[in-house]
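Dumped run-v2.csv below, it's CSV, C-alpha atoms and all ligand atoms:
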```csv
chain,number,residue,atom,x,y,z
A,299,MET,CA,0.0,0.0,0.0
A,300,THR,CA,2.8,2.4,0.9
A,301,THR,CA,4.4,1.8,-2.5
A,302,ARG,CA,1.2,2.4,-4.3
A,303,ARG,CA,0.6,5.5,-2.3
A,304,ARG,CA,4.1,6.8,-3.1
A,305,TRP,CA,3.6,6.0,-6.8
A,306,LEU,CA,0.3,7.8,-6.9
A,307,ALA,CA,1.8,10.8,-5.2
A,308,ALA,CA,4.7,10.9,-7.6
A,309,ALA,CA,2.4,10.5,-10.6
A,310,THR,CA,0.1,13.2,-9.5
A,311,THR,CA,3.1,15.5,-8.8
A,312,ALA,CA,4.5,14.8,-12.2
A,313,ALA,CA,1.1,15.5,-13.8
A,314,LEU,CA,0.5,18.7,-12.1
A,315,ALA,CA,4.0,20.2,-12.1
A,316,PRO,CA,3.8,21.6,-15.7
A,317,LEU,CA,0.7,23.5,-14.7
A,318,LEU,CA,2.5,25.4,-11.9
A,319,GLY,CA,4.0,28.8,-12.5
A,320,SER,CA,7.7,29.1,-12.0
A,321,ALA,CA,7.8,29.6,-8.3
A,322,ALA,CA,11.6,29.9,-8.3
A,323,SER,CA,11.8,32.8,-10.7
A,324,GLY,CA,8.4,34.2,-9.9
A,325,ALA,CA,8.1,34.9,-13.6
A,326,ALA,CA,4.5,35.3,-14.9
A,327,LYS,CA,3.9,33.8,-18.3
A,328,ALA,CA,2.1,36.4,-20.5
A,329,ASP,CA,-1.2,35.3,-22.0
A,330,ARG,CA,-1.0,34.6,-25.7
A,331,LYS,CA,-2.5,37.6,-27.5
A,332,THR,CA,-4.4,37.6,-30.8
A,333,PRO,CA,-2.7,39.9,-33.3
A,334,ALA,CA,-4.6,43.2,-33.6
A,335,GLY,CA,-7.2,43.2,-36.4
A,336,SER,CA,-7.0,39.5,-37.1
A,337,ASP,CA,-10.0,38.5,-34.9
A,338,THR,CA,-13.1,38.2,-37.2
A,339,ARG,CA,-15.4,36.6,-34.6
A,340,PRO,CA,-18.6,38.2,-33.4
A,341,PRO,CA,-18.2,41.0,-30.8
A,342,GLY,CA,-18.5,39.7,-27.3
A,343,ALA,CA,-16.9,36.4,-28.1
A,344,LEU,CA,-14.4,35.1,-25.5
A,345,PRO,CA,-10.9,36.4,-26.3
A,346,ARG,CA,-9.2,33.7,-28.4
A,347,ARG,CA,-7.6,31.0,-26.3
A,348,ALA,CA,-8.3,32.9,-23.0
A,349,SER,CA,-10.5,30.1,-21.8
A,350,VAL,CA,-8.1,27.4,-23.0
A,351,ARG,CA,-5.1,28.8,-21.2
A,352,PRO,CA,-6.3,30.0,-17.8
A,353,PRO,CA,-3.8,31.8,-15.5
A,354,ARG,CA,-1.1,29.6,-14.1
A,355,ILE,CA,-1.5,27.9,-10.8
A,356,ARG,CA,1.0,29.1,-8.2
A,357,PRO,CA,2.1,27.8,-4.8
A,358,GLY,CA,-0.4,28.9,-2.2
A,359,ASP,CA,-3.3,28.6,-4.6
A,360,THR,CA,-6.4,26.5,-3.7
A,361,ILE,CA,-7.4,23.6,-6.0
A,362,GLY,CA,-11.0,22.4,-5.8
A,363,LEU,CA,-11.3,18.6,-5.9
A,364,MET,CA,-14.5,17.1,-7.1
A,365,ILE,CA,-15.8,14.0,-9.0
A,366,PRO,CA,-18.2,14.6,-11.9
A,367,SER,CA,-18.8,11.0,-12.8
A,368,SER,CA,-17.9,7.5,-11.5
A,369,ALA,CA,-17.0,7.2,-7.9
A,370,ASN,CA,-13.5,6.9,-6.5
A,371,TRP,CA,-13.6,3.6,-4.6
A,372,ASP,CA,-10.5,4.0,-2.6
A,373,PRO,CA,-10.8,7.1,-0.2
A,374,MET,CA,-7.0,6.8,0.2
A,375,ASP,CA,-6.6,8.1,-3.4
A,376,ILE,CA,-8.1,11.4,-2.3
A,377,ASP,CA,-5.6,11.6,0.6
A,378,VAL,CA,-2.8,10.9,-1.7
A,379,LEU,CA,-3.9,13.6,-4.1
A,380,VAL,CA,-4.2,16.1,-1.2
A,381,ASP,CA,-0.7,15.2,-0.1
A,382,ALA,CA,0.7,15.5,-3.6
A,383,LEU,CA,-0.9,19.0,-4.0
A,384,ALA,CA,0.4,20.0,-0.6
A,385,SER,CA,3.9,18.9,-1.6
A,386,LEU,CA,3.6,21.4,-4.5
A,387,GLY,CA,2.6,24.1,-2.1
A,388,LEU,CA,-1.1,23.9,-3.1
A,389,LYS,CA,-4.1,23.9,-0.8
A,390,SER,CA,-7.0,21.5,-1.5
A,391,LYS,CA,-10.7,22.1,-1.1
A,392,LEU,CA,-12.9,19.0,-1.3
A,393,GLY,CA,-16.3,19.1,-2.8
A,394,LYS,CA,-19.0,18.2,-0.3
A,395,HIS,CA,-19.9,15.1,-2.2
A,396,VAL,CA,-16.6,13.5,-3.2
A,397,TYR,CA,-17.2,10.5,-0.9
A,398,ASP,CA,-20.8,10.0,-2.0
A,399,ARG,CA,-22.0,6.9,-3.8
A,400,ARG,CA,-25.0,6.2,-6.0
A,401,GLY,CA,-24.6,3.0,-8.1
A,402,TYR,CA,-21.2,3.4,-9.6
A,403,MET,CA,-21.5,7.2,-9.7
A,404,ALA,CA,-20.0,9.5,-7.1
A,405,GLY,CA,-23.5,10.5,-5.8
A,406,ARG,CA,-26.5,12.0,-7.4
A,407,ASP,CA,-26.2,14.0,-10.6
A,408,GLU,CA,-27.5,17.1,-8.7
A,409,ASP,CA,-24.9,16.7,-6.0
A,410,ARG,CA,-22.0,16.3,-8.3
A,411,ALA,CA,-23.2,19.3,-10.3
A,412,ALA,CA,-23.7,21.2,-7.0
A,413,ASP,CA,-20.0,20.6,-6.1
A,414,PHE,CA,-18.9,21.7,-9.6
A,415,ASN,CA,-21.1,24.9,-9.5
A,416,ALA,CA,-20.0,25.7,-5.9
A,417,MET,CA,-16.3,25.5,-7.0
A,418,VAL,CA,-16.9,27.7,-10.1
A,419,ARG,CA,-18.4,30.3,-7.9
A,420,ASP,CA,-15.9,30.1,-5.1
A,421,PRO,CA,-13.4,33.0,-5.5
A,422,GLU,CA,-10.8,31.1,-3.4
A,423,VAL,CA,-10.7,28.1,-5.9
A,424,ARG,CA,-8.2,28.8,-8.6
A,425,ALA,CA,-8.6,25.5,-10.5
A,426,ILE,CA,-10.9,22.5,-10.4
A,427,HIS,CA,-9.3,19.0,-10.5
A,428,CYS,CA,-11.7,16.2,-11.4
A,429,ILE,CA,-10.6,13.3,-9.2
A,430,ARG,CA,-12.1,10.8,-11.7
A,431,GLY,CA,-13.6,11.3,-15.2
A,432,GLY,CA,-16.0,9.3,-17.2
A,433,TRP,CA,-19.2,9.7,-19.2
A,434,GLY,CA,-21.2,10.6,-16.1
A,435,ALA,CA,-19.7,14.1,-16.5
A,436,ALA,CA,-22.0,14.6,-19.5
A,437,ARG,CA,-25.0,13.9,-17.3
A,438,LEU,CA,-24.2,17.1,-15.4
A,439,LEU,CA,-24.7,19.4,-18.5
A,440,PRO,CA,-28.5,19.8,-18.0
A,441,LEU,CA,-27.6,20.9,-14.5
A,442,ILE,CA,-26.1,24.1,-15.7
A,443,ASP,CA,-27.4,26.9,-13.4
A,444,PHE,CA,-28.9,29.7,-15.5
A,445,GLU,CA,-28.5,31.9,-12.4
A,446,ARG,CA,-24.7,31.9,-12.9
A,447,GLU,CA,-23.1,32.6,-16.2
A,448,GLU,CA,-19.8,31.1,-15.1
A,449,THR,CA,-21.5,27.6,-15.0
A,450,ILE,CA,-22.5,28.1,-18.7
A,451,ALA,CA,-19.0,29.2,-19.6
A,452,ALA,CA,-17.5,26.3,-17.7
A,453,ALA,CA,-19.7,23.7,-19.4
A,454,ALA,CA,-18.8,25.1,-22.8
A,455,GLU,CA,-15.1,25.0,-21.8
A,456,ALA,CA,-15.5,21.4,-20.6
A,457,LEU,CA,-17.0,20.4,-23.9
A,458,SER,CA,-14.6,22.3,-26.1
A,459,ARG,CA,-12.3,19.3,-26.3
A,460,GLU,CA,-15.1,17.3,-28.0
A,461,ALA,CA,-15.7,20.0,-30.6
A,462,PRO,CA,-16.7,20.6,-33.3
A,463,PHE,CA,-20.4,19.7,-32.7
A,464,ASP,CA,-23.0,19.6,-35.5
A,465,LEU,CA,-26.0,19.9,-33.2
A,466,ILE,CA,-26.6,21.8,-30.0
A,467,ILE,CA,-30.1,21.9,-28.5
A,468,ASN,CA,-31.3,24.1,-25.6
A,469,ALA,CA,-34.4,22.6,-24.1
A,470,ALA,CA,-34.6,24.5,-20.8
A,471,GLY,CA,-37.6,26.5,-20.1
A,472,LEU,CA,-39.9,27.7,-17.3
A,473,LEU,CA,-43.6,28.4,-17.2
A,474,HIS,CA,-44.4,27.9,-13.5
A,475,SER,CA,-42.6,27.0,-10.3
A,476,HIS,CA,-43.5,26.3,-6.7
A,477,ARG,CA,-43.5,30.1,-6.3
A,478,PHE,CA,-45.8,31.1,-9.1
A,479,MET,CA,-48.2,30.2,-11.9
A,480,PRO,CA,-48.4,32.0,-15.2
A,481,GLU,CA,-50.1,35.4,-14.9
A,482,LYS,CA,-53.7,35.5,-16.1
A,483,ARG,CA,-54.0,39.3,-16.0
A,484,PHE,CA,-51.6,42.3,-15.7
A,485,SER,CA,-52.5,42.9,-12.1
A,486,ASP,CA,-50.6,39.6,-11.4
A,487,LEU,CA,-47.3,41.0,-12.8
A,488,ASN,CA,-44.4,41.2,-10.5
A,489,TYR,CA,-40.6,41.6,-10.8
A,490,ALA,CA,-39.6,38.3,-9.2
A,491,GLN,CA,-41.7,36.2,-11.6
A,492,MET,CA,-40.8,38.2,-14.7
A,493,LEU,CA,-37.1,38.1,-13.8
A,494,GLU,CA,-37.0,34.4,-13.1
A,495,THR,CA,-39.0,33.5,-16.2
A,496,PHE,CA,-36.8,35.7,-18.5
A,497,ARG,CA,-33.7,34.4,-16.9
A,498,VAL,CA,-34.5,30.8,-17.8
A,499,ASN,CA,-36.4,31.3,-21.1
A,500,ALA,CA,-34.4,34.1,-22.7
A,501,PHE,CA,-31.2,35.3,-20.9
A,502,GLY,CA,-29.9,31.8,-20.1
A,503,PRO,CA,-30.4,30.5,-23.7
A,504,ALA,CA,-28.8,33.7,-25.0
A,505,LEU,CA,-25.8,33.1,-22.9
A,506,ILE,CA,-25.8,29.4,-24.0
A,507,PHE,CA,-25.4,30.8,-27.5
A,508,ARG,CA,-22.7,33.2,-26.4
A,509,HIS,CA,-20.6,30.5,-24.9
A,510,PHE,CA,-21.4,27.5,-27.2
A,511,TRP,CA,-21.5,29.0,-30.7
A,512,LYS,CA,-17.7,28.6,-30.9
A,513,LEU,CA,-18.1,24.8,-30.5
A,514,ILE,CA,-19.8,24.3,-33.8
A,515,GLY,CA,-17.7,23.6,-36.9
A,516,ASP,CA,-17.5,25.2,-40.3
A,517,ASP,CA,-19.7,22.6,-41.9
A,518,ARG,CA,-23.5,22.6,-41.6
A,519,ALA,CA,-24.4,22.7,-37.9
A,520,VAL,CA,-27.7,23.4,-36.1
A,521,ILE,CA,-28.2,25.3,-32.8
A,522,ALA,CA,-31.8,24.9,-31.9
A,523,PHE,CA,-33.7,26.4,-29.0
A,524,LEU,CA,-37.0,25.2,-27.7
A,525,SER,CA,-39.3,28.1,-27.8
A,526,ALA,CA,-43.1,28.1,-27.7
A,527,LYS,CA,-45.9,29.0,-30.1
A,528,VAL,CA,-47.4,31.2,-27.4
A,529,GLY,CA,-44.2,33.3,-27.8
A,530,SER,CA,-45.4,34.3,-31.2
A,531,ILE,CA,-46.6,38.0,-31.1
A,532,ALA,CA,-48.6,37.6,-34.4
A,533,ASP,CA,-50.3,34.4,-33.1
A,534,ASN,CA,-51.3,35.8,-29.7
A,535,ARG,CA,-55.1,35.6,-29.7
A,536,LEU,CA,-55.9,34.5,-26.1
A,537,GLY,CA,-53.6,36.8,-24.0
A,538,GLY,CA,-52.5,35.8,-20.5
A,539,TRP,CA,-49.2,34.1,-19.5
A,540,TYR,CA,-47.4,37.4,-19.8
A,541,SER,CA,-43.9,36.5,-18.6
A,542,TYR,CA,-43.8,33.2,-20.5
A,543,ARG,CA,-45.0,34.7,-23.7
A,544,ALA,CA,-42.8,37.8,-23.5
A,545,SER,CA,-39.7,35.8,-22.5
A,546,LYS,CA,-40.2,33.3,-25.4
A,547,ALA,CA,-40.7,36.3,-27.8
A,548,ALA,CA,-37.4,37.7,-26.4
A,549,LEU,CA,-35.8,34.4,-27.0
A,550,ASN,CA,-37.0,34.4,-30.6
A,551,MET,CA,-35.5,37.9,-31.1
A,552,PHE,CA,-32.2,36.7,-29.7
A,553,ILE,CA,-32.2,33.8,-32.1
A,554,LYS,CA,-33.1,36.0,-35.1
A,555,THR,CA,-30.5,38.6,-34.3
A,556,ALA,CA,-27.7,36.0,-33.6
A,557,SER,CA,-28.6,34.2,-36.9
A,558,ILE,CA,-27.8,37.4,-38.8
A,559,GLU,CA,-24.5,37.9,-37.0
A,560,ILE,CA,-23.2,34.4,-37.1
A,561,LYS,CA,-23.7,34.2,-40.9
A,562,ARG,CA,-20.6,36.4,-41.3
A,563,THR,CA,-18.3,33.9,-39.6
A,564,LYS,CA,-20.2,30.5,-39.9
A,565,PRO,CA,-22.2,30.7,-43.1
A,566,ASN,CA,-23.3,27.0,-42.7
A,567,ALA,CA,-24.7,27.5,-39.2
A,568,VAL,CA,-28.5,27.1,-38.8
A,569,LEU,CA,-30.1,28.8,-35.8
A,570,ALA,CA,-33.7,27.9,-35.2
A,571,ALA,CA,-36.5,28.4,-32.7
A,572,LEU,CA,-38.6,25.2,-32.3
A,573,HIS,CA,-42.1,24.7,-31.0
A,574,PRO,CA,-42.5,21.2,-29.6
A,575,GLY,CA,-46.3,21.2,-29.5
A,576,THR,CA,-48.1,20.4,-26.2
A,577,VAL,CA,-46.0,17.7,-24.6
A,578,THR,CA,-46.7,15.6,-21.5
A,579,SER,CA,-44.2,17.0,-19.0
A,580,ARG,CA,-43.8,18.7,-15.7
A,581,LEU,CA,-44.3,22.1,-17.5
A,582,SER,CA,-47.6,21.2,-19.0
A,583,LYS,CA,-48.9,19.1,-16.1
A,584,PRO,CA,-51.0,21.8,-14.4
A,585,PHE,CA,-52.7,22.5,-17.8
A,586,ARG,CA,-53.9,19.0,-18.6
A,587,GLY,CA,-50.7,18.2,-20.3
A,588,ALA,CA,-51.0,14.5,-19.4
A,589,GLU,CA,-54.4,14.3,-21.2
A,590,ILE,CA,-53.8,16.5,-24.2
A,591,GLY,CA,-50.0,16.4,-24.6
A,592,ARG,CA,-48.0,14.1,-26.8
A,593,ALA,CA,-45.3,11.7,-25.5
A,594,PRO,CA,-41.9,13.4,-25.1
A,595,ASN,CA,-40.3,10.8,-27.3
A,596,ASP,CA,-42.7,11.6,-30.2
A,597,ALA,CA,-42.1,15.3,-29.8
A,598,ALA,CA,-38.4,14.8,-29.7
A,599,ALA,CA,-38.5,12.6,-32.8
A,600,ASP,CA,-40.6,15.1,-34.7
A,601,MET,CA,-38.3,18.0,-33.8
A,602,LEU,CA,-35.2,15.9,-34.9
A,603,ASP,CA,-36.9,15.4,-38.2
A,604,VAL,CA,-37.4,19.1,-38.6
A,605,ILE,CA,-33.8,19.8,-37.6
A,606,ASP,CA,-32.6,17.2,-40.2
A,607,SER,CA,-34.5,19.1,-42.9
A,608,LEU,CA,-32.9,22.5,-42.1
A,609,THR,CA,-30.3,23.9,-44.4
A,610,PRO,CA,-28.3,27.2,-44.0
A,611,PRO,CA,-30.9,29.2,-45.9
A,612,SER,CA,-33.5,28.1,-43.3
A,613,THR,CA,-31.6,29.9,-40.5
A,614,GLY,CA,-33.2,32.4,-38.2
A,615,GLN,CA,-36.7,31.0,-38.4
A,616,PHE,CA,-39.4,29.7,-36.0
A,617,TYR,CA,-40.6,26.1,-36.8
A,618,SER,CA,-43.3,23.9,-35.4
A,619,TYR,CA,-42.6,20.2,-34.7
A,620,SER,CA,-44.6,19.5,-37.8
A,621,GLY,CA,-42.1,21.5,-39.9
A,622,GLU,CA,-44.5,24.4,-40.5
A,623,ARG,CA,-43.0,27.9,-40.3
A,624,LEU,CA,-44.5,29.9,-37.5
A,625,PRO,CA,-44.9,33.7,-37.6
A,626,TRP,CA,-42.8,35.7,-35.1
A,701,LIG,N1,-44.3,20.8,-22.5
A,701,LIG,C1,-44.9,21.6,-23.4
A,701,LIG,O1,-46.2,21.4,-23.6
A,701,LIG,C2,-44.2,22.7,-24.1
A,701,LIG,C3,-44.9,23.5,-25.0
A,701,LIG,C4,-44.3,24.5,-25.7
A,701,LIG,C5,-43.0,24.8,-25.4
A,701,LIG,N2,-42.3,24.0,-24.5
A,701,LIG,C6,-40.9,24.3,-24.2
A,701,LIG,O2,-40.1,23.1,-24.4
A,701,LIG,C7,-39.0,23.2,-23.5
A,701,LIG,C8,-38.9,21.9,-22.6
A,701,LIG,O3,-40.1,21.9,-21.8
A,701,LIG,P1,-40.5,20.7,-21.0
A,701,LIG,O4,-41.9,20.4,-21.3
A,701,LIG,O5,-39.5,19.6,-21.1
A,701,LIG,O6,-40.5,21.3,-19.5
A,701,LIG,P2,-39.9,20.7,-18.1
A,701,LIG,O7,-40.2,19.2,-18.1
A,701,LIG,O8,-40.5,21.6,-17.1
A,701,LIG,O9,-38.4,20.9,-18.3
A,701,LIG,C9,-37.8,22.2,-18.3
A,701,LIG,C10,-36.3,22.0,-18.2
A,701,LIG,O10,-35.7,23.3,-18.0
A,701,LIG,C11,-34.7,23.2,-17.0
A,701,LIG,N3,-34.6,24.4,-16.2
A,701,LIG,C12,-35.5,25.1,-15.5
A,701,LIG,N4,-35.0,26.1,-14.8
A,701,LIG,C13,-33.7,26.1,-15.1
A,701,LIG,C14,-32.5,26.9,-14.7
A,701,LIG,N5,-32.7,27.9,-13.8
A,701,LIG,N6,-31.3,26.6,-15.1
A,701,LIG,C15,-31.1,25.5,-15.9
A,701,LIG,N7,-32.2,24.7,-16.4
A,701,LIG,C16,-33.4,25.0,-16.0
A,701,LIG,C17,-35.2,22.1,-16.1
A,701,LIG,O11,-34.1,21.6,-15.4
A,701,LIG,P3,-34.4,20.8,-14.0
A,701,LIG,O12,-35.0,19.5,-14.3
A,701,LIG,O13,-33.0,20.7,-13.4
A,701,LIG,O14,-35.3,21.7,-13.2
A,701,LIG,C18,-35.8,21.1,-17.1
A,701,LIG,O15,-34.7,20.3,-17.6
A,701,LIG,C19,-39.1,24.5,-22.7
A,701,LIG,O16,-38.3,25.5,-23.3
A,701,LIG,C20,-40.6,24.8,-22.8
A,701,LIG,O17,-40.8,26.2,-22.7
A,701,LIG,C21,-42.9,23.0,-23.8
```

Render the structure in this file as C-alpha cells.
Amino acid sequence: MTTRRRWLAAATTAALAPLLGSAASGAAKADRKTPAGSDTRPPGALPRRASVRPPRIRPGDTIGLMIPSSANWDPMDIDVLVDALASLGLKSKLGKHVYDRRGYMAGRDEDRAADFNAMVRDPEVRAIHCIRGGWGAARLLPLIDFEREETIAAAAEALSREAPFDLIINAAGLLHSHRFMPEKRFSDLNYAQMLETFRVNAFGPALIFRHFWKLIGDDRAVIAFLSAKVGSIADNRLGGWYSYRASKAALNMFIKTASIEIKRTKPNAVLAALHPGTVTSRLSKPFRGAEIGRAPNDAAADMLDVIDSLTPPSTGQFYSYSGERLPW
C-alpha cells in the first residue's frame, strides 16, 4: 500500500508540475495575444484562447477537488492527491460530495453538479481538478445553473475538447414554479416572476449561445432552442401568460439577431426556434398536459426530423414540430 501511495503521489506531482508557475523565478507567463485586427469573430466572443489557457496555478493557490462522474472507490486516493498537492505548495478544497456513492457514480447528478457549480463560484478556488472522469460528467450538463453565467461558460469550456459539434439543442424552459403560476392578468405581474422567467427562457439561452457558438464547426451545424408558439406575437389571440409569452418572444428575437451575426463567420450554421407542441411533461402538467399532450419521445423525434431538414438558408426562423414555419 505504501508503494502504491508513493507511486500515486509521484504520478500526481508529475502530472501537475507543468501546470504550476515558475515559483523559483516568480516569472509570470504572458497570455498569448491575438494579433490586432485578425479576430473576425462576433463581438462579445471570448478572447481567443483565453478560456483554453487560464492563468497559471501558483504555490499557495487552492485547488477544488470534485468528482463529476464515477465514484472513486478508494478514499486513500483522495488523501494521496491532497498530499501531492500539498507537496507542491497547493491547498485543497474538497467538494461536499466526493465521498458520496450512487450506483457506480459519485453520488446523485444534482450533488455532483452542485459541487462543480460551488467551485466555479468560489473565488478562493483557482482551478478545479476532477478526481475521476467518465461519461457521467456529460450527465451534469443539463444541471447548468442559469442563475450563474460562469457555469454556462465552464460547461462550454469542458465540452470544447469534443468540438466541433454539429447539433446543439437548448431545451430548458420555465412556465411555473413552486413560487408562481403564469399570470392571467396584468395585475398579477411582479418583478420576481418576470425576472426568473426571463432568466430561464431568454437570458440563459442567449448566454448558452454566447458560450457555445464557438463549439460548432464550419460545416452545416444546427443550434436549436425550444421556444413556444405562445411566444409568437402575431399568433397571440388569447392573452395571459405574460412573462412566459414575453420571454419566449425575447428568445425568438435573440435567435433571429444572432442568426444574422453568425452568418458572417459561420455561413453554414443554422439557428432555429422550435415549438414542440403540447407535450406531456412537468411544464404542461397543471394545464392538462397529461391528457392533451403528446409523448416526449414523439415530440423529440418530430423535432429531430425538422432539424434534419434544415439547411443554412433556413436559419433564423421559427418552426413547429410539424415542420410548419411559424410567424414571429
Ligand atoms: N411541454 C410543453 O407542452 C411545451 C410546450 C411549448 C414549449 N415547451 C418548451 O419546451 C422546453 C422543454 O419543456 P418541458 O416540457 O420539457 O419542460 P420541463 O419538463 O419543465 O423541463 C424544463 C427544463 O428546463 C430546465 N430548467 C428550468 N430552470 C432552469 C434553470 N434555472 N437553469 C437551468 N435549467 C433550468 C429544467 O431543469 P431541472 O429539471 O433541473 O429543473 C428542465 O430540464 C421548454 O423550453 C418549454 O418552454 C414545452

Taking only C-alpha atoms and all ligand atoms into account, report as a PDB file with C-alpha atoms, in the coordinates of the input which residues have an atom no farther than 9 Å from an atom of ligand LIG 701 (chain A).
```
ATOM      1  CA  GLU A 408     -27.500  17.100  -8.700  1.00  0.00           C
ATOM      2  CA  PRO A 440     -28.500  19.800 -18.000  1.00  0.00           C
ATOM      3  CA  LEU A 441     -27.600  20.900 -14.500  1.00  0.00           C
ATOM      4  CA  ILE A 442     -26.100  24.100 -15.700  1.00  0.00           C
ATOM      5  CA  ASP A 443     -27.400  26.900 -13.400  1.00  0.00           C
ATOM      6  CA  PHE A 444     -28.900  29.700 -15.500  1.00  0.00           C
ATOM      7  CA  GLU A 445     -28.500  31.900 -12.400  1.00  0.00           C
ATOM      8  CA  ARG A 446     -24.700  31.900 -12.900  1.00  0.00           C
ATOM      9  CA  ASN A 468     -31.300  24.100 -25.600  1.00  0.00           C
ATOM     10  CA  ALA A 469     -34.400  22.600 -24.100  1.00  0.00           C
ATOM     11  CA  ALA A 470     -34.600  24.500 -20.800  1.00  0.00           C
ATOM     12  CA  GLY A 471     -37.600  26.500 -20.100  1.00  0.00           C
ATOM     13  CA  LEU A 472     -39.900  27.700 -17.300  1.00  0.00           C
ATOM     14  CA  LEU A 473     -43.600  28.400 -17.200  1.00  0.00           C
ATOM     15  CA  HIS A 474     -44.400  27.900 -13.500  1.00  0.00           C
ATOM     16  CA  SER A 475     -42.600  27.000 -10.300  1.00  0.00           C
ATOM     17  CA  GLU A 494     -37.000  34.400 -13.100  1.00  0.00           C
ATOM     18  CA  THR A 495     -39.000  33.500 -16.200  1.00  0.00           C
ATOM     19  CA  ARG A 497     -33.700  34.400 -16.900  1.00  0.00           C
ATOM     20  CA  VAL A 498     -34.500  30.800 -17.800  1.00  0.00           C
ATOM     21  CA  ASN A 499     -36.400  31.300 -21.100  1.00  0.00           C
ATOM     22  CA  GLY A 502     -29.900  31.800 -20.100  1.00  0.00           C
ATOM     23  CA  PHE A 523     -33.700  26.400 -29.000  1.00  0.00           C
ATOM     24  CA  LEU A 524     -37.000  25.200 -27.700  1.00  0.00           C
ATOM     25  CA  SER A 525     -39.300  28.100 -27.800  1.00  0.00           C
ATOM     26  CA  ALA A 526     -43.100  28.100 -27.700  1.00  0.00           C
ATOM     27  CA  LYS A 527     -45.900  29.000 -30.100  1.00  0.00           C
ATOM     28  CA  VAL A 528     -47.400  31.200 -27.400  1.00  0.00           C
ATOM     29  CA  GLY A 529     -44.200  33.300 -27.800  1.00  0.00           C
ATOM     30  CA  TYR A 542     -43.800  33.200 -20.500  1.00  0.00           C
ATOM     31  CA  LYS A 546     -40.200  33.300 -25.400  1.00  0.00           C
ATOM     32  CA  LEU A 572     -38.600  25.200 -32.300  1.00  0.00           C
ATOM     33  CA  HIS A 573     -42.100  24.700 -31.000  1.00  0.00           C
ATOM     34  CA  PRO A 574     -42.500  21.200 -29.600  1.00  0.00           C
ATOM     35  CA  GLY A 575     -46.300  21.200 -29.500  1.00  0.00           C
ATOM     36  CA  THR A 576     -48.100  20.400 -26.200  1.00  0.00           C
ATOM     37  CA  VAL A 577     -46.000  17.700 -24.600  1.00  0.00           C
ATOM     38  CA  THR A 578     -46.700  15.600 -21.500  1.00  0.00           C
ATOM     39  CA  SER A 579     -44.200  17.000 -19.000  1.00  0.00           C
ATOM     40  CA  ARG A 580     -43.800  18.700 -15.700  1.00  0.00           C
ATOM     41  CA  LEU A 581     -44.300  22.100 -17.500  1.00  0.00           C
ATOM     42  CA  SER A 582     -47.600  21.200 -19.000  1.00  0.00           C
ATOM     43  CA  LYS A 583     -48.900  19.100 -16.100  1.00  0.00           C
ATOM     44  CA  PHE A 585     -52.700  22.500 -17.800  1.00  0.00           C
ATOM     45  CA  GLY A 587     -50.700  18.200 -20.300  1.00  0.00           C
ATOM     46  CA  GLY A 591     -50.000  16.400 -24.600  1.00  0.00           C
ATOM     47  CA  ARG A 592     -48.000  14.100 -26.800  1.00  0.00           C
ATOM     48  CA  PRO A 594     -41.900  13.400 -25.100  1.00  0.00           C
TER      49      PRO A 594
END
```

Fill in: Close residues, stretch 477-480 of chain A itself excluded, 10 Å, all atoms listed in the file, min 3 positions apart in chain, as a list of chain:residue names
A:Leu472, A:Leu473, A:His474, A:Arg483, A:Asp486, A:Leu487, A:Ala490, A:Gln491, A:Met492, A:Thr495, A:Gly538, A:Trp539, A:Tyr540, A:Ser541, A:Tyr542, A:Arg543, A:Pro584

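Here atom CA of A:Ala456 is placed at a distance of 9.4 Å from atom CA of A:Ala435.
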
Practice prompt. Find the residue from A:Glu455, A:Asp372, A:Asp413, A:Asp359 that sits nearest to A:Leu388; use all atoms listed in the file when measuring.
Written response: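 Closest residue, counting all atoms listed in the file: A:Asp359.
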
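Proximity to A:Asp606 was assessed for A:Ala436, A:Ile466, A:Ile365, A:Val520 counting all atoms listed in the file; the smallest distance is recorded for A:Val520.
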
Fill in: Counting all atoms listed in the file, the residue of A:Ala416, A:Leu386, A:Ala544, A:Met403 that sits nearest A:Leu493
A:Ala544

Fill in: Near-A:Ala454 list (10 Å; all atoms listed in the file; drop same-chain fewer than 3 positions) as a list in words
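Those residues are Ser349, Leu439, Glu448, Thr449, Ile450, Ala451, Leu457, Ser458, Arg459, Ala461, Ile506, Phe507, Arg508, His509, Phe510, Trp511, Lys512 and Leu513 of chain A.
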
Would you save the residues from that selection as a PDB file, in the frame of the given file, using C-alpha atoms?
```pdb
ATOM      1  CA  SER A 349     -10.500  30.100 -21.800  1.00  0.00           C
ATOM      2  CA  LEU A 439     -24.700  19.400 -18.500  1.00  0.00           C
ATOM      3  CA  GLU A 448     -19.800  31.100 -15.100  1.00  0.00           C
ATOM      4  CA  THR A 449     -21.500  27.600 -15.000  1.00  0.00           C
ATOM      5  CA  ILE A 450     -22.500  28.100 -18.700  1.00  0.00           C
ATOM      6  CA  ALA A 451     -19.000  29.200 -19.600  1.00  0.00           C
ATOM      7  CA  LEU A 457     -17.000  20.400 -23.900  1.00  0.00           C
ATOM      8  CA  SER A 458     -14.600  22.300 -26.100  1.00  0.00           C
ATOM      9  CA  ARG A 459     -12.300  19.300 -26.300  1.00  0.00           C
ATOM     10  CA  ALA A 461     -15.700  20.000 -30.600  1.00  0.00           C
ATOM     11  CA  ILE A 506     -25.800  29.400 -24.000  1.00  0.00           C
ATOM     12  CA  PHE A 507     -25.400  30.800 -27.500  1.00  0.00           C
ATOM     13  CA  ARG A 508     -22.700  33.200 -26.400  1.00  0.00           C
ATOM     14  CA  HIS A 509     -20.600  30.500 -24.900  1.00  0.00           C
ATOM     15  CA  PHE A 510     -21.400  27.500 -27.200  1.00  0.00           C
ATOM     16  CA  TRP A 511     -21.500  29.000 -30.700  1.00  0.00           C
ATOM     17  CA  LYS A 512     -17.700  28.600 -30.900  1.00  0.00           C
ATOM     18  CA  LEU A 513     -18.100  24.800 -30.500  1.00  0.00           C
TER      19      LEU A 513
END
```

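If you measure from each of A:Gly537, A:Ala411, A:Glu422, A:Ala570 to A:Phe552 using only C-alpha atoms, the closest one turns out to be A:Ala570.
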
Item to complete: Find, counting all atoms listed in the file, the residue in A:Ser557, A:Asn415, A:Asn566, A:Asn370 that gets nearest to A:Asp464.
Response: A:Asn566

Item to complete: Report the distance between atom CA of A:Pro366 and atom CA of A:Arg410 in Å, rounded to one decimal place.
Response: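 These two atoms are separated by 5.5 Å.
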